[in-house]
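Everything below belongs to my_file.txt, which stores compact mmCIF, C-alpha atoms.
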```
# COMPACT_ATOMS: atom_id res chain seq x y z
CA MET A 1 14.05 2.50 -15.28
CA GLY A 2 13.52 5.23 -12.71
CA LYS A 3 15.23 8.56 -12.15
CA LYS A 4 18.78 8.26 -10.76
CA ILE A 5 19.66 9.98 -7.50
CA ASP A 6 22.96 10.74 -5.74
CA CYS A 7 22.92 7.68 -3.53
CA SER A 8 25.16 4.66 -2.95
CA LEU A 9 23.37 1.36 -2.39
CA ILE A 10 25.40 -1.21 -0.46
CA ILE A 11 24.47 -4.88 -0.79
CA PRO A 12 26.55 -7.29 1.31
CA THR A 13 26.75 -10.83 -0.07
CA LEU A 14 28.07 -14.26 0.72
CA ASN A 15 27.19 -17.14 -1.58
CA SER A 16 24.09 -15.31 -2.80
CA SER A 17 23.80 -16.89 -6.25
CA LEU A 18 20.22 -17.99 -5.54
CA THR A 19 19.00 -14.49 -4.58
CA ILE A 20 21.29 -11.77 -5.99
CA GLU A 21 19.82 -11.68 -9.47
CA GLN A 22 16.26 -11.08 -8.28
CA CYS A 23 17.56 -8.49 -5.80
CA LEU A 24 19.35 -6.57 -8.59
CA LYS A 25 16.40 -6.86 -11.00
CA LYS A 26 14.17 -5.25 -8.37
CA VAL A 27 16.76 -2.51 -7.73
CA ASN A 28 16.84 -1.70 -11.45
CA SER A 29 13.05 -1.50 -11.61
CA MET A 30 12.60 0.94 -8.71
CA SER A 31 10.93 4.32 -9.25
CA ILE A 32 14.20 6.02 -8.30
CA ILE A 33 17.56 4.30 -8.62
CA PRO A 34 20.85 4.94 -6.81
CA LYS A 35 23.65 6.18 -9.06
CA GLU A 36 25.99 3.69 -7.39
CA VAL A 37 25.25 0.05 -6.55
CA MET A 38 27.98 -1.70 -4.59
CA ILE A 39 28.10 -5.44 -4.01
CA VAL A 40 30.42 -6.09 -1.06
CA ASP A 41 31.23 -9.78 -1.14
CA GLY A 42 32.42 -11.69 1.90
CA GLY A 43 34.23 -14.45 -0.01
CA SER A 44 31.59 -16.21 -2.07
CA THR A 45 32.52 -19.56 -3.58
CA ASP A 46 29.44 -19.82 -5.79
CA HIS A 47 28.39 -17.80 -8.87
CA THR A 48 27.47 -14.60 -7.01
CA LYS A 49 30.10 -12.47 -8.79
CA LYS A 50 29.30 -13.84 -12.26
CA ILE A 51 25.60 -13.09 -11.78
CA ALA A 52 26.22 -9.61 -10.32
CA GLU A 53 28.53 -8.68 -13.20
CA LYS A 54 25.54 -8.83 -15.57
CA TYR A 55 24.34 -5.64 -13.85
CA LYS A 56 26.02 -2.25 -13.56
CA VAL A 57 27.51 -2.68 -10.09
CA ASN A 58 30.81 -2.12 -8.32
CA PHE A 59 31.91 -5.51 -7.01
CA LEU A 60 34.13 -5.23 -3.94
CA LYS A 61 35.54 -7.96 -1.70
CA LYS A 62 35.67 -7.75 2.09
CA LYS A 63 35.66 -10.66 4.50
CA GLY A 64 34.60 -10.33 8.10
CA GLY A 65 30.82 -10.49 8.12
CA LEU A 66 27.95 -8.07 7.55
CA ALA A 67 29.30 -5.28 9.76
CA ALA A 68 32.71 -5.32 8.04
CA GLN A 69 31.09 -5.46 4.61
CA ARG A 70 28.71 -2.60 5.38
CA ASN A 71 31.57 -0.47 6.79
CA TYR A 72 33.77 -1.17 3.77
CA GLY A 73 30.95 -0.13 1.47
CA ILE A 74 30.35 3.09 3.43
CA LYS A 75 34.03 4.04 3.30
CA ASN A 76 34.15 3.44 -0.47
CA ALA A 77 30.80 5.05 -1.30
CA LYS A 78 30.77 8.04 -3.67
CA TYR A 79 27.61 9.68 -2.32
CA ASN A 80 26.50 11.07 1.04
CA LEU A 81 23.23 9.15 0.98
CA ILE A 82 23.83 5.50 1.75
CA ALA A 83 21.16 2.83 1.33
CA PHE A 84 21.45 -0.74 2.57
CA LEU A 85 19.70 -3.76 1.14
CA ASP A 86 20.53 -7.38 1.82
CA SER A 87 21.20 -9.69 -1.12
CA ASP A 88 18.21 -11.88 -0.28
CA CYS A 89 15.82 -8.89 -0.24
CA GLU A 90 13.64 -7.73 -3.09
CA ALA A 91 12.96 -4.01 -2.93
CA ASN A 92 9.47 -2.76 -3.62
CA ARG A 93 9.28 -0.39 -6.61
CA GLU A 94 8.85 2.64 -4.30
CA TRP A 95 11.20 1.47 -1.52
CA LEU A 96 14.05 3.94 -2.10
CA GLU A 97 11.72 6.75 -3.15
CA ILE A 98 9.81 6.53 0.13
CA LEU A 99 13.00 6.49 2.21
CA TYR A 100 14.58 9.28 0.15
CA ASN A 101 11.51 11.52 0.40
CA SER A 102 11.30 10.91 4.15
CA ILE A 103 14.83 12.19 4.71
CA ARG A 104 14.61 14.96 2.13
CA ASN A 105 11.32 16.32 3.48
CA ASP A 106 12.15 16.17 7.20
CA ASN A 107 15.42 17.80 8.29
CA ARG A 108 15.11 16.15 11.72
CA LEU A 109 15.63 12.69 10.20
CA ILE A 110 19.09 11.22 9.85
CA ALA A 111 17.90 7.79 8.71
CA ALA A 112 14.78 6.02 7.45
CA GLY A 113 13.93 2.34 7.31
CA GLY A 114 11.55 0.32 5.23
CA LYS A 115 9.24 -2.62 5.64
CA LEU A 116 10.65 -6.08 5.03
CA ILE A 117 8.47 -9.04 4.19
CA GLU A 118 10.12 -12.40 4.85
CA ARG A 119 9.90 -14.72 1.86
CA ASN A 120 12.44 -17.34 2.90
CA THR A 121 10.44 -19.44 5.36
CA GLU A 122 11.86 -22.85 4.50
CA GLY A 123 13.80 -24.77 7.10
CA ILE A 124 13.58 -24.72 10.87
CA VAL A 125 15.95 -21.76 11.36
CA ASN A 126 14.07 -19.49 8.94
CA LYS A 127 10.70 -20.53 10.38
CA TRP A 128 11.93 -19.68 13.88
CA ARG A 129 13.33 -16.32 12.74
CA VAL A 130 10.07 -15.34 11.03
CA ALA A 131 8.06 -16.31 14.11
CA HIS A 132 10.36 -14.83 16.77
CA MET A 133 12.64 -12.25 15.16
CA SER A 134 10.59 -10.06 12.84
CA GLN A 135 12.75 -7.82 10.66
CA GLU A 136 10.31 -4.94 10.27
CA TRP A 137 8.27 -2.57 12.41
CA GLY A 138 5.03 -2.77 10.40
CA SER A 139 3.20 -0.49 7.99
CA ILE A 140 2.65 2.53 10.22
CA ARG A 141 5.32 5.26 10.34
CA ILE A 142 7.23 5.16 13.62
CA GLU A 143 9.43 8.03 14.73
CA ASN A 144 12.49 7.01 16.74
CA PRO A 145 12.19 3.22 16.67
CA ASP A 146 14.68 1.33 18.82
CA PHE A 147 16.77 0.67 15.70
CA LEU A 148 16.52 0.28 11.94
CA PHE A 149 17.05 -3.10 10.34
CA GLY A 150 20.34 -3.33 8.46
CA SER A 151 18.66 -5.17 5.62
CA ASN A 152 16.86 -2.05 4.40
CA PHE A 153 17.51 1.51 5.47
CA LEU A 154 18.86 4.86 4.23
CA ILE A 155 21.24 7.11 6.16
CA LYS A 156 23.60 10.02 5.55
CA LYS A 157 27.27 9.03 5.27
CA ASP A 158 28.48 12.07 7.20
CA ILE A 159 26.27 11.04 10.12
CA MET A 160 27.83 7.57 10.12
CA LYS A 161 31.31 9.10 10.15
CA GLU A 162 30.30 11.32 13.05
CA ILE A 163 28.71 8.68 15.29
CA GLY A 164 30.80 5.71 14.21
CA TYR A 165 30.39 2.66 12.06
CA PHE A 166 28.97 -0.80 12.63
CA LYS A 167 30.80 -2.76 15.35
CA GLU A 168 32.61 -5.52 13.51
CA ASP A 169 32.57 -7.95 16.46
CA TYR A 170 28.95 -8.56 15.40
CA SER A 171 29.69 -10.37 12.19
CA THR A 172 26.23 -11.64 11.23
CA TYR A 173 23.47 -10.43 13.53
CA PHE A 174 22.83 -7.45 15.85
CA GLU A 175 25.31 -5.08 14.13
CA ASP A 176 22.31 -2.94 13.20
CA VAL A 177 20.74 -3.05 16.68
CA VAL A 178 24.01 -2.07 18.38
CA PHE A 179 24.71 0.69 15.84
CA PHE A 180 21.47 2.52 16.64
CA ARG A 181 21.79 2.24 20.45
```

Serialized structure, C-alpha cells:
Amino acid sequence: MGKKIDCSLIIPTLNSSLTIEQCLKKVNSMSIIPKEVMIVDGGSTDHTKKIAEKYKVNFLKKKGGLAAQRNYGIKNAKYNLIAFLDSDCEANREWLEILYNSIRNDNRLIAAGGKLIERNTEGIVNKWRVAHMSQEWGSIRIENPDFLFGSNFLIKKDIMKEIGYFKEDYSTYFEDVVFFR
C-alpha cells in the first residue's frame, strides 16, 4: 500500500457489481492513496454496495446521474484535492501520483487529467464509443486541453466552488465537457 495523501477520491456508481471490486483493488495498490475514497451510488439494485463495503470507503447515495453524483461527492469531501475515477476504470499504479505531482509542482495548474485505456469493447455501443469517442488525449502532456475527462482527473475543491459545479442537466455524458468550457 502506498503513502496516503490529503485527497478525496470520488467514484460514481450505478449497478457496478461487475467492475467496482477491480476498481477498488487498483486504487488500494496505487503508489499514493487518497485518505478518503467515496463511492457515490446512483441507486444500484445489484451487489455494488456489498462489494464496496469490503473496502475502506464512504458509501453515499445520490440519484440523478453522474453530474449529480460527482457534485454530491465534492460537497461532502473532506479534502481540498478531489480526484475522480469511474467505477469501470482501473487506475494505473502511478495514476494519482502523476496527477498529484503535476498540480503540486506547477502552481499554474488547477486540474490534471490522466490517460484512459478502454477495456470494455464488447457490444455495438461500446465498440462505437471506442472508435468515435475516445476518452483520453494520448500519452503526451497537453497544456490547456479542451476539457478533462470526468472518468479520471484531479482538481482543487476550492476551484470547483469558485467556478461552479457540474451541470446536472447532463446526467450521463458531457457533464465534464461542459464543466471545462

So which residues are close to (20.7, -16.7, -6.0), meaning at most 12 Å away in the file's coordinates with only C-alpha atoms counted, and can you show them as a ChimeraX atom specification?
/A:13-25,44,46-52,87-90

What does the distance from atom CA of Leu66 of chain A to atom CA of Asp41 of chain A come to in Å, to one decimal?
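Result for atom CA of Leu66 of chain A versus atom CA of Asp41 of chain A: 9.4 Å, one decimal.
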
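Between atom CA of Phe59 of chain A and atom CA of Met38 of chain A the interatomic distance comes to 6.0 Å.
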
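Between Asn80 of chain A and the residues A:Ile110, A:Ile39, A:Met30, A:Ala68, the shortest atom-to-atom distance, using only C-alpha atoms, involves A:Ile110.
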
Shortest interatomic distance to Lys75 of chain A - which of A:Lys157, A:Lys167, A:Lys63, A:Lys4, counting only C-alpha atoms:
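Once distances to Lys75 of chain A are computed over only C-alpha atoms, the minimum belongs to A:Lys157.
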
Pairwise distance for atom CA of Lys156 of chain A and atom CA of Leu81 of chain A, rounded to one decimal in Å:
4.7 Å

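The closest residue to Gly2 of chain A, picked from A:Val37, A:Asn71, A:Glu94, A:Gly42 and counting only C-alpha atoms, is A:Glu94.
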
Hey, which of A:Ala111, A:Ile159, A:Leu9, A:Ile103 ends up closest to Ile82 of chain A? Count all atoms listed in the file.
A:Leu9
